Amino acid sequence: MADYLLEVEDLKKLFPVPRGIGRVLLRQRKRVVHAVDGISFRVKRGEVLSLVGESGSGKTTTGLCSIGLLSPSAGHIILEGEDLSVLLHRSRRGELRRKAQIIFQDPYESLNPRQTVFNTVAEPLEVHRLTASHDEKVKRVTEALEDAGLKPASDYFNRYPQELSGGQRQRVVIGTALVLKPRLLVADEPVSMLDVSIRAELLSLLARLRDERGITILYITHDLATAAHIADRVAVMYLGVIVEVGPAKAVLGSPYHPYTKALMSVIPVPNPSRRKKRMVLQGETPNPIDLPSGCRFHPRCPQVKEDCRVLVPVLSEAEGGHYTMCGLPRAALDEGRDQISHAPSPEPSRTDWRRL
Amino acid sequence: MTLLQVRNLTVEYQTAAGTYRAVEDLSFHLEQGKALGIVGESGCGKTTAMLALMRLLPEEGRIVDGEIQFEQTDLLGLSPDKLNQYRWRMISMIFQGAMNALNPVRTVGGQIEEAIRLHGTVARSEVKNEVLRLLDLVGIVFSRVGHYPHQYSGGMRQRAMIAMALACRPRIVIADEPTTALDVMVQAQILDLLERLQKELDLSIILVTHDLGLVAELCDDVLVMYGGRMAEYASSHRIYNHAGHPYTQRLLSAFPDIENPGAELASIPGYPPALDALPPGCRFQPRCHLALDICALEPPPNVEVIPDHLVSCVRAQPEQARVEGEDGRLLA
């Protein structure tokens with residue numbers, strides 16, 4: 001058995017839409033938002049899997065479900081061989097929280113303004129009664145903060161969040177997650193609120209946690225460029241399903257799915273001499289209440305065929321480990337694949353990150 | 001033809017805690033039909049400079065020095081009455097996050113109508129048609145005129161804001177972070193729209209952003225700001241291929257490039273300076289990997305490395321005299 005830390009099997013999460021009294025009296029059907037609509041993926045130990053997609057694609061819901069902060073409507077989530085529903089039981093919940101932690105997007109909102117950095121980072125230790133003495137607590141907090149790149153840690157102990165910059169706050173958030181020594185870290189848009197110059201540091205910090213600590217990371221983002229830099233594998237989500245998944249280099253470098261191709265073509269490239277034709281999809285992602293028939297991407301697909309309106313495609317392997325959910329024949333999928341990347345991309349190397 | 005010329009603009013904020021200089025000695029110009037990108041990290045003074053340009057600084061803000069010239073007119077010397085003939089009619093602005101500032105209890109069409117009526121740009125009988133013309137211009141279908149902002153998606157609200165900024169048929173539009181908080185695909189739609197408007201209306205655009213990718217897509221010229229001052233000012237081809245300022249170089253290498261995911265992402269150590277603790281000398285010196293002793297003492301000169309490429313750095317030298325590395329970047 002391959003060593004999978006996290007396995008998600010046919011996960012579904014539906015949110016009911018509240019009905020007004022009028023709708024109830026008229027006996028109109030209950031409506032639901034199909035936030036996540038049957039997705040499966042597995043993450044190996046020490047791997048970074050990036051879930052990318054636009055808002056409303058279900059990526060955050062997937063992240064929350066996979067560490068038990070939301071309960072799935074259907075499907076299974078297996079963490080280190082154990083079903084999450086078992087781990088969520090009162091007697092095991094502490095263990096689950098120690099195994100899996102999450103970092104949220106906005107470091108301005110996710111820290112308590114009335115608590116010092118030390119108290120914030122030490123709180124999980126107290127909740128889980130992990131330290132016997134104060135000295136031990138100081139040691140663990142110091143370790144966590146220094147792992148998160150705040151050195152020397154004692155300089156930050158008595159500071160309040162408002163005295164810190166955005167990048168430093170996000171490091172405190174990461175420190176708080178690390179203090180329990182988790183094996184799985186869900187990072188939900190951890191850098192999107194930060195300036196470019198600080199983003200790179202935090203991305204390399206996450207990469208280092210993977211390389212040196214073997215922490216498995218579920219990196220959730222709408223920014224394909226950062227995903228390309230940090231992820232080992234990428235799963236592209238659209239309207240609650242994974243439309244393409246595989247090694248980062250393959251998915252982002254030579255995608256099969258028309259949606260991924262379009263997404264890649266609109267990522268701004270920081271050089272005017274490499275301006276390219278943008279394949280802009282018109283309109284917006286349809287709402288996840290009334291899903292389109294057939295392939296859910298068909299109303300916006302530039303390569304749409306008659307069958308797409310009726311037939312529901314399945315995720316199938318296009319080449320080794322690279323899956324795509326598109327009903328088009330192979331020739332259509334191959335179209336335009338090579339145009340995506342025209343710069344020679346060297347093999348991403350992990351040592352690059354360490355040097356930073 | 002030069003439409004807008006800004007010279008030595010300096011802006012201060014006077015607060016209870018003291019006087020802070022948010023923009024210092026900033027000069028740039030904008031040609032008819034061109035797009036200028038103003039790039040920098042948060043707090044570098046880019047929005048303040050634009051508010052000064054619109055003469056919309058908050059009460060504490062003051063333009064203490066400089067010149068803003070629109071064609072032949074000096075905007076700083078105008079009376080408030082006269083100024084109103086320029087503001088919105090010649091230069092208009094799409095504010096950061098403004099799509100969330102639409103009035104939630106009035107229809108989008110009604111709000112655009114109000115903007116047109118207020119400025120009296122078209123005859124009363126023509127106002128309704130003008131609204132439709134503007135909405136059509138930004139790609140909002142006719143049937144959505146009577147809808148409320150909450151019925152619009154984020155991208156459509158931003159289109160409505162652009163329509164409003166175009167209500168008085170301005171010649172310059174300043175777009176402050178027009179696509180932050182929008183999804184990549186919607187961002188691309190807005191980018192397409194701005195590009196099309198620029199061509200169709202011969203519009204000049206100032207794009208204020210921290211996103212170097214966006215600037216590369218749209219802009220002809222780029223002004224890089226740091227700590228309230230100009231760091232580098234050149235055509236976008238020069239900026240992206242021959243960046244002369246260490247800050248620009250590091251900013252570029254910190255920006256993830258989707259076409260080159262293996263490239264090392266270098267971060268810039270430290271944080272941008274706070275306005276109340278600006279370093280003497282070069283503002284970037286504390287974070288600069290190439291800093292010399294002199295950088296901490298006196299402000300760097302603005303060196304013209306080639307005509308129309310200004311670099312504010314002591315190390316910068318005119319092109320023929322400089323030592324070039326393999327990649328064309330300044331080494332010594």
# chains A, B, ... in the order shown; residues from 1 in each chain; ligands from 1
$ select_by_dssp --residues "region 5-213 of chain A" --states "helix (DSSP H, G or I)" --output "PyMOL selection string"
chain A and resi 21-25+59-66+84-87+93-99+117-127+134-147+153-155+161-163+166-178+196-213
$ interface_residues --of "chain B" --to "chain A" --cutoff "6 Å" --atoms "only C-alpha atoms" --output "list in words"
Asp183, Ala188, Leu212, Gly213, Leu214, Ala216, Tyr240, Ala254, Pro256, Ile258, Glu259, Asn260, Pro261, Gly262, Leu265, Ser267 and Ile268 of chain B
$ closest_residue --among "A:Ser85, A:Thr221, A:Ser57, A:Asn112" --to "Gln162 (chain A)" --atoms "only C-alpha atoms"
A:Asn112
$ closest_residue --among "A:Ala250, A:Asp147, A:Val241, A:Val127" --to "Val314 (chain A)" --atoms "only C-alpha atoms"
A:Val241
$ residues_around --residues "Pro286 (chain A)" --least-positions-apart "6" --cutoff "12 Å" --atoms "only C-alpha atoms" --output "list in words"
Val33, His34, Glu54, Ser55, Gly56, Ser57, Tyr238, Leu239, Gly240, Pro292, Ser293, Arg296, Phe297, His298, Pro299 and Arg300 of chain A; Ser153 of chain B
$ closest_residue --among "B:Glu177, B:Cys295, B:Met164, B:Tyr247" --to "Glu114 (chain B)" --atoms "only C-alpha atoms"
B:Met164
$ atom_distance --atom1 "CA of Gly327 (chain A)" --atom2 "CA of Gly38 (chain A)"
17.5 Å
$ atom_distance --atom1 "CA of Val52 (chain A)" --atom2 "CA of Tyr259 (chain A)"
11.8 Å
$ select_by_dssp --residues "region 47-226 of chain A" --states "strand (DSSP E)" --output "PDB file with N, CA, C and O atoms, in the first residue's frame"
ATOM      1  N   VAL A  48       2.893  18.163  -1.475  1.00  0.00           N
ATOM      2  CA  VAL A  48       2.033  19.336  -1.513  1.00  0.00           C
ATOM      3  C   VAL A  48       1.050  19.160  -2.662  1.00  0.00           C
ATOM      4  O   VAL A  48       1.452  19.077  -3.819  1.00  0.00           O
ATOM      5  N   LEU A  49      -0.235  19.065  -2.307  1.00  0.00           N
ATOM      6  CA  LEU A  49      -1.270  19.018  -3.342  1.00  0.00           C
ATOM      7  C   LEU A  49      -1.953  20.366  -3.343  1.00  0.00           C
ATOM      8  O   LEU A  49      -2.365  20.868  -2.304  1.00  0.00           O
ATOM      9  N   SER A  50      -2.046  20.970  -4.508  1.00  0.00           N
ATOM     10  CA  SER A  50      -2.702  22.258  -4.578  1.00  0.00           C
ATOM     11  C   SER A  50      -4.082  22.105  -5.204  1.00  0.00           C
ATOM     12  O   SER A  50      -4.227  21.514  -6.262  1.00  0.00           O
ATOM     13  N   LEU A  51      -5.092  22.635  -4.512  1.00  0.00           N
ATOM     14  CA  LEU A  51      -6.434  22.695  -5.090  1.00  0.00           C
ATOM     15  C   LEU A  51      -6.585  24.087  -5.664  1.00  0.00           C
ATOM     16  O   LEU A  51      -6.530  25.065  -4.923  1.00  0.00           O
ATOM     17  N   VAL A  52      -6.726  24.193  -6.987  1.00  0.00           N
ATOM     18  CA  VAL A  52      -6.891  25.524  -7.557  1.00  0.00           C
ATOM     19  C   VAL A  52      -8.266  25.645  -8.206  1.00  0.00           C
ATOM     20  O   VAL A  52      -8.844  24.664  -8.669  1.00  0.00           O
ATOM     21  N   ALA A  74     -21.776  13.373   2.021  1.00  0.00           N
ATOM     22  CA  ALA A  74     -21.581  11.991   1.615  1.00  0.00           C
ATOM     23  C   ALA A  74     -20.102  11.781   1.351  1.00  0.00           C
ATOM     24  O   ALA A  74     -19.363  12.737   1.140  1.00  0.00           O
ATOM     25  N   GLY A  75     -19.675  10.555   1.378  1.00  0.00           N
ATOM     26  CA  GLY A  75     -18.294  10.246   1.060  1.00  0.00           C
ATOM     27  C   GLY A  75     -17.443  10.039   2.302  1.00  0.00           C
ATOM     28  O   GLY A  75     -17.929  10.181   3.428  1.00  0.00           O
ATOM     29  N   HIS A  76     -16.209   9.679   2.064  1.00  0.00           N
ATOM     30  CA  HIS A  76     -15.316   9.371   3.175  1.00  0.00           C
ATOM     31  C   HIS A  76     -14.047  10.188   3.104  1.00  0.00           C
ATOM     32  O   HIS A  76     -13.538  10.461   2.024  1.00  0.00           O
ATOM     33  N   ILE A  77     -13.554  10.530   4.284  1.00  0.00           N
ATOM     34  CA  ILE A  77     -12.245  11.162   4.358  1.00  0.00           C
ATOM     35  C   ILE A  77     -11.412  10.309   5.295  1.00  0.00           C
ATOM     36  O   ILE A  77     -11.834  10.019   6.429  1.00  0.00           O
ATOM     37  N   ILE A  78     -10.270   9.869   4.804  1.00  0.00           N
ATOM     38  CA  ILE A  78      -9.444   8.975   5.598  1.00  0.00           C
ATOM     39  C   ILE A  78      -8.102   9.619   5.857  1.00  0.00           C
ATOM     40  O   ILE A  78      -7.376   9.987   4.933  1.00  0.00           O
ATOM     41  N   LEU A  79      -7.824   9.809   7.152  1.00  0.00           N
ATOM     42  CA  LEU A  79      -6.571  10.439   7.546  1.00  0.00           C
ATOM     43  C   LEU A  79      -5.710   9.378   8.211  1.00  0.00           C
ATOM     44  O   LEU A  79      -6.124   8.775   9.202  1.00  0.00           O
ATOM     45  N   GLU A  82      -7.450   6.152   9.005  1.00  0.00           N
ATOM     46  CA  GLU A  82      -8.642   6.113   9.840  1.00  0.00           C
ATOM     47  C   GLU A  82      -9.693   7.068   9.311  1.00  0.00           C
ATOM     48  O   GLU A  82      -9.374   8.191   8.912  1.00  0.00           O
ATOM     49  N   ASP A  83     -10.937   6.635   9.353  1.00  0.00           N
ATOM     50  CA  ASP A  83     -12.010   7.477   8.848  1.00  0.00           C
ATOM     51  C   ASP A  83     -12.205   8.677   9.775  1.00  0.00           C
ATOM     52  O   ASP A  83     -12.180   8.553  10.998  1.00  0.00           O
ATOM     53  N   ALA A 100      -3.929  17.406  12.302  1.00  0.00           N
ATOM     54  CA  ALA A 100      -4.255  18.236  11.145  1.00  0.00           C
ATOM     55  C   ALA A 100      -4.589  19.654  11.573  1.00  0.00           C
ATOM     56  O   ALA A 100      -5.409  19.870  12.455  1.00  0.00           O
ATOM     57  N   GLN A 101      -3.924  20.608  10.959  1.00  0.00           N
ATOM     58  CA  GLN A 101      -4.144  22.012  11.296  1.00  0.00           C
ATOM     59  C   GLN A 101      -4.429  22.817  10.037  1.00  0.00           C
ATOM     60  O   GLN A 101      -4.152  22.366   8.925  1.00  0.00           O
ATOM     61  N   ILE A 102      -4.968  24.018  10.238  1.00  0.00           N
ATOM     62  CA  ILE A 102      -5.315  24.841   9.082  1.00  0.00           C
ATOM     63  C   ILE A 102      -4.787  26.264   9.256  1.00  0.00           C
ATOM     64  O   ILE A 102      -4.674  26.757  10.376  1.00  0.00           O
ATOM     65  N   ILE A 103      -4.402  26.870   8.142  1.00  0.00           N
ATOM     66  CA  ILE A 103      -4.012  28.287   8.126  1.00  0.00           C
ATOM     67  C   ILE A 103      -5.022  29.003   7.243  1.00  0.00           C
ATOM     68  O   ILE A 103      -5.241  28.597   6.114  1.00  0.00           O
ATOM     69  N   LEU A 184      -0.599  17.063   8.819  1.00  0.00           N
ATOM     70  CA  LEU A 184      -1.282  17.637   7.659  1.00  0.00           C
ATOM     71  C   LEU A 184      -1.552  19.109   7.934  1.00  0.00           C
ATOM     72  O   LEU A 184      -2.020  19.480   9.010  1.00  0.00           O
ATOM     73  N   LEU A 185      -1.206  19.932   6.956  1.00  0.00           N
ATOM     74  CA  LEU A 185      -1.469  21.353   7.085  1.00  0.00           C
ATOM     75  C   LEU A 185      -2.338  21.760   5.900  1.00  0.00           C
ATOM     76  O   LEU A 185      -1.961  21.551   4.750  1.00  0.00           O
ATOM     77  N   VAL A 186      -3.512  22.314   6.198  1.00  0.00           N
ATOM     78  CA  VAL A 186      -4.344  22.843   5.126  1.00  0.00           C
ATOM     79  C   VAL A 186      -4.086  24.339   5.078  1.00  0.00           C
ATOM     80  O   VAL A 186      -4.280  25.033   6.071  1.00  0.00           O
ATOM     81  N   ALA A 187      -3.570  24.818   3.967  1.00  0.00           N
ATOM     82  CA  ALA A 187      -3.253  26.243   3.850  1.00  0.00           C
ATOM     83  C   ALA A 187      -4.232  26.851   2.860  1.00  0.00           C
ATOM     84  O   ALA A 187      -4.155  26.602   1.665  1.00  0.00           O
ATOM     85  N   ASP A 188      -5.184  27.631   3.386  1.00  0.00           N
ATOM     86  CA  ASP A 188      -6.238  28.189   2.545  1.00  0.00           C
ATOM     87  C   ASP A 188      -5.863  29.608   2.130  1.00  0.00           C
ATOM     88  O   ASP A 188      -5.977  30.533   2.929  1.00  0.00           O
ATOM     89  N   THR A 216       2.693  17.241   5.245  1.00  0.00           N
ATOM     90  CA  THR A 216       1.874  17.160   4.040  1.00  0.00           C
ATOM     91  C   THR A 216       1.015  18.415   3.971  1.00  0.00           C
ATOM     92  O   THR A 216       0.432  18.819   4.975  1.00  0.00           O
ATOM     93  N   ILE A 217       0.978  19.038   2.810  1.00  0.00           N
ATOM     94  CA  ILE A 217       0.254  20.302   2.719  1.00  0.00           C
ATOM     95  C   ILE A 217      -0.815  20.245   1.636  1.00  0.00           C
ATOM     96  O   ILE A 217      -0.564  19.811   0.514  1.00  0.00           O
ATOM     97  N   LEU A 218      -2.015  20.670   2.029  1.00  0.00           N
ATOM     98  CA  LEU A 218      -3.083  20.866   1.050  1.00  0.00           C
ATOM     99  C   LEU A 218      -3.133  22.369   0.819  1.00  0.00           C
ATOM    100  O   LEU A 218      -3.563  23.124   1.688  1.00  0.00           O
ATOM    101  N   TYR A 219      -2.620  22.796  -0.325  1.00  0.00           N
ATOM    102  CA  TYR A 219      -2.479  24.229  -0.587  1.00  0.00           C
ATOM    103  C   TYR A 219      -3.634  24.686  -1.465  1.00  0.00           C
ATOM    104  O   TYR A 219      -3.739  24.288  -2.620  1.00  0.00           O
ATOM    105  N   ILE A 220      -4.510  25.506  -0.885  1.00  0.00           N
ATOM    106  CA  ILE A 220      -5.716  25.930  -1.599  1.00  0.00           C
ATOM    107  C   ILE A 220      -5.518  27.345  -2.121  1.00  0.00           C
ATOM    108  O   ILE A 220      -5.163  28.239  -1.362  1.00  0.00           O
ATOM    109  N   THR A 221      -5.713  27.549  -3.413  1.00  0.00           N
ATOM    110  CA  THR A 221      -5.457  28.881  -3.952  1.00  0.00           C
ATOM    111  C   THR A 221      -6.213  29.125  -5.248  1.00  0.00           C
ATOM    112  O   THR A 221      -6.659  28.196  -5.908  1.00  0.00           O
TER     113      THR A 221
END
$ atom_distance --atom1 "CA of Arg7 (chain B)" --atom2 "CA of Ser42 (chain B)"
22.7 Å
$ closest_residue --among "A:Leu5, A:Gly46, A:Asp37, A:Arg233" --to "Ala207 (chain A)" --atoms "only C-alpha atoms"
A:Gly46
$ residues_around --residues "Gly110 (chain B)" --least-positions-apart "2" --cutoff "12 Å" --atoms "only C-alpha atoms" --output "compact mmCIF listing (two decimals) with N, CA and C atoms, in the first residue's frame"
# COMPACT_ATOMS: atom_id res chain seq x y z
N LEU B 102 -21.03 50.68 -4.31
CA LEU B 102 -22.28 51.03 -4.98
C LEU B 102 -23.40 51.08 -3.94
N ASN B 103 -24.31 52.00 -4.13
CA ASN B 103 -25.43 52.13 -3.21
C ASN B 103 -26.34 50.90 -3.35
N PRO B 104 -26.51 50.13 -2.25
CA PRO B 104 -27.23 48.86 -2.38
C PRO B 104 -28.74 49.02 -2.62
N VAL B 105 -29.30 50.20 -2.31
CA VAL B 105 -30.75 50.33 -2.44
C VAL B 105 -31.17 51.09 -3.69
N ARG B 106 -30.21 51.34 -4.59
CA ARG B 106 -30.59 51.98 -5.85
C ARG B 106 -30.10 51.13 -7.01
N THR B 107 -30.83 51.20 -8.11
CA THR B 107 -30.44 50.36 -9.24
C THR B 107 -29.13 50.87 -9.83
N VAL B 108 -28.41 49.97 -10.48
CA VAL B 108 -27.13 50.34 -11.07
C VAL B 108 -27.33 51.42 -12.14
N ILE B 112 -25.75 55.35 -12.35
CA ILE B 112 -24.96 55.89 -13.46
C ILE B 112 -25.66 57.13 -14.01
N GLU B 113 -26.99 57.06 -14.05
CA GLU B 113 -27.78 58.19 -14.51
C GLU B 113 -27.49 59.43 -13.65
N GLU B 114 -27.42 59.20 -12.35
CA GLU B 114 -27.17 60.31 -11.44
C GLU B 114 -25.83 60.99 -11.75
N ALA B 115 -24.82 60.14 -12.00
CA ALA B 115 -23.50 60.69 -12.29
C ALA B 115 -23.56 61.56 -13.54
N ILE B 116 -24.32 61.12 -14.54
CA ILE B 116 -24.40 61.88 -15.78
C ILE B 116 -25.15 63.19 -15.57
N ARG B 117 -26.28 63.11 -14.87
CA ARG B 117 -27.09 64.32 -14.62
C ARG B 117 -26.29 65.37 -13.86
N VAL B 127 -30.15 61.56 -21.42
CA VAL B 127 -29.49 60.86 -20.31
C VAL B 127 -29.71 59.34 -20.36
N LYS B 128 -30.97 58.93 -20.57
CA LYS B 128 -31.26 57.49 -20.58
C LYS B 128 -30.46 56.77 -21.66
N GLU B 130 -27.69 57.73 -22.89
CA GLU B 130 -26.28 57.76 -22.51
C GLU B 130 -25.96 56.59 -21.55
N VAL B 131 -26.88 56.33 -20.62
CA VAL B 131 -26.67 55.22 -19.69
C VAL B 131 -26.54 53.91 -20.47
N LEU B 132 -27.44 53.73 -21.44
CA LEU B 132 -27.39 52.50 -22.22
C LEU B 132 -26.11 52.41 -23.04
N LEU B 135 -23.31 51.41 -20.64
CA LEU B 135 -23.37 50.02 -20.23
C LEU B 135 -22.99 49.10 -21.37
N ARG B 144 -30.09 44.45 -17.80
CA ARG B 144 -29.64 44.51 -16.41
C ARG B 144 -29.64 45.92 -15.83
N VAL B 145 -30.07 46.91 -16.63
CA VAL B 145 -30.04 48.30 -16.20
C VAL B 145 -30.79 48.51 -14.88
N GLY B 146 -31.96 47.89 -14.77
CA GLY B 146 -32.79 48.12 -13.61
C GLY B 146 -32.48 47.22 -12.41
N HIS B 147 -31.38 46.48 -12.48
CA HIS B 147 -31.06 45.59 -11.37
C HIS B 147 -30.27 46.30 -10.28
N TYR B 148 -30.32 45.72 -9.09
CA TYR B 148 -29.60 46.28 -7.94
C TYR B 148 -28.21 45.66 -7.85
N PRO B 149 -27.29 46.37 -7.17
CA PRO B 149 -25.92 45.86 -7.09
C PRO B 149 -25.81 44.42 -6.59
N ALA B 160 -19.63 48.10 -13.99
CA ALA B 160 -20.51 49.24 -13.74
C ALA B 160 -19.70 50.43 -13.24
N MET B 164 -19.28 54.13 -14.87
CA MET B 164 -19.47 55.38 -14.15
C MET B 164 -18.28 56.31 -14.31
$ decode --residues "region 231-250 of chain A" --atoms "N, CA, C and O atoms" --output "CSV table (one decimal), in the first residue's frame"
chain,number,residue,atom,x,y,z
A,231,ALA,N,3.6,23.4,-5.6
A,231,ALA,CA,2.9,22.1,-5.5
A,231,ALA,C,3.6,21.0,-6.2
A,231,ALA,O,4.3,21.2,-7.2
A,232,ASP,N,3.5,19.8,-5.7
A,232,ASP,CA,4.0,18.6,-6.4
A,232,ASP,C,2.9,18.2,-7.4
A,232,ASP,O,3.2,17.8,-8.5
A,233,ARG,N,1.6,18.2,-6.9
A,233,ARG,CA,0.5,17.9,-7.7
A,233,ARG,C,-0.5,19.0,-7.7
A,233,ARG,O,-0.6,19.6,-6.6
A,234,VAL,N,-1.3,19.1,-8.7
A,234,VAL,CA,-2.3,20.1,-8.8
A,234,VAL,C,-3.7,19.5,-9.2
A,234,VAL,O,-3.7,18.6,-10.0
A,235,ALA,N,-4.7,19.9,-8.5
A,235,ALA,CA,-6.1,19.5,-8.9
A,235,ALA,C,-6.8,20.8,-9.2
A,235,ALA,O,-6.9,21.7,-8.4
A,236,VAL,N,-7.4,20.8,-10.4
A,236,VAL,CA,-8.1,22.0,-10.8
A,236,VAL,C,-9.6,21.8,-10.6
A,236,VAL,O,-10.1,20.8,-11.0
A,237,MET,N,-10.2,22.6,-9.8
A,237,MET,CA,-11.7,22.5,-9.5
A,237,MET,C,-12.5,23.4,-10.3
A,237,MET,O,-12.2,24.6,-10.5
A,238,TYR,N,-13.7,23.0,-10.7
A,238,TYR,CA,-14.7,23.8,-11.3
A,238,TYR,C,-16.1,23.4,-10.9
A,238,TYR,O,-16.4,22.2,-11.0
A,239,LEU,N,-16.8,24.3,-10.3
A,239,LEU,CA,-18.2,24.0,-9.9
A,239,LEU,C,-18.3,22.7,-9.0
A,239,LEU,O,-19.2,21.9,-9.3
A,240,GLY,N,-17.4,22.5,-8.1
A,240,GLY,CA,-17.6,21.4,-7.2
A,240,GLY,C,-17.0,20.0,-7.6
A,240,GLY,O,-17.1,19.0,-6.9
A,241,VAL,N,-16.3,20.0,-8.8
A,241,VAL,CA,-15.7,18.8,-9.2
A,241,VAL,C,-14.2,19.0,-9.6
A,241,VAL,O,-13.9,20.2,-10.0
A,242,ILE,N,-13.4,18.0,-9.6
A,242,ILE,CA,-12.1,18.1,-10.1
A,242,ILE,C,-12.1,17.9,-11.6
A,242,ILE,O,-12.6,16.8,-12.0
A,243,VAL,N,-11.7,18.8,-12.4
A,243,VAL,CA,-11.7,18.6,-13.8
A,243,VAL,C,-10.4,18.1,-14.4
A,243,VAL,O,-10.3,17.6,-15.5
A,244,GLU,N,-9.3,18.3,-13.6
A,244,GLU,CA,-8.0,17.9,-14.1
A,244,GLU,C,-7.1,17.7,-12.8
A,244,GLU,O,-7.1,18.6,-12.0
A,245,VAL,N,-6.4,16.7,-12.8
A,245,VAL,CA,-5.5,16.5,-11.7
A,245,VAL,C,-4.2,15.7,-12.1
A,245,VAL,O,-4.3,14.8,-13.0
A,246,GLY,N,-3.1,16.0,-11.6
A,246,GLY,CA,-1.9,15.3,-12.0
A,246,GLY,C,-0.7,16.1,-11.4
A,246,GLY,O,-0.8,17.0,-10.7
A,247,PRO,N,0.5,15.6,-11.9
A,247,PRO,CA,1.7,16.3,-11.5
A,247,PRO,C,1.7,17.8,-11.9
A,247,PRO,O,1.2,18.1,-13.0
A,248,ALA,N,2.1,18.7,-11.0
A,248,ALA,CA,2.0,20.1,-11.2
A,248,ALA,C,2.5,20.5,-12.6
A,248,ALA,O,1.9,21.3,-13.4
A,249,LYS,N,3.7,19.9,-13.0
A,249,LYS,CA,4.3,20.3,-14.2
A,249,LYS,C,3.5,20.0,-15.4
A,249,LYS,O,3.3,20.7,-16.4
A,250,ALA,N,2.8,18.8,-15.3
A,250,ALA,CA,2.0,18.3,-16.4
A,250,ALA,C,0.7,19.1,-16.5
A,250,ALA,O,0.3,19.5,-17.6
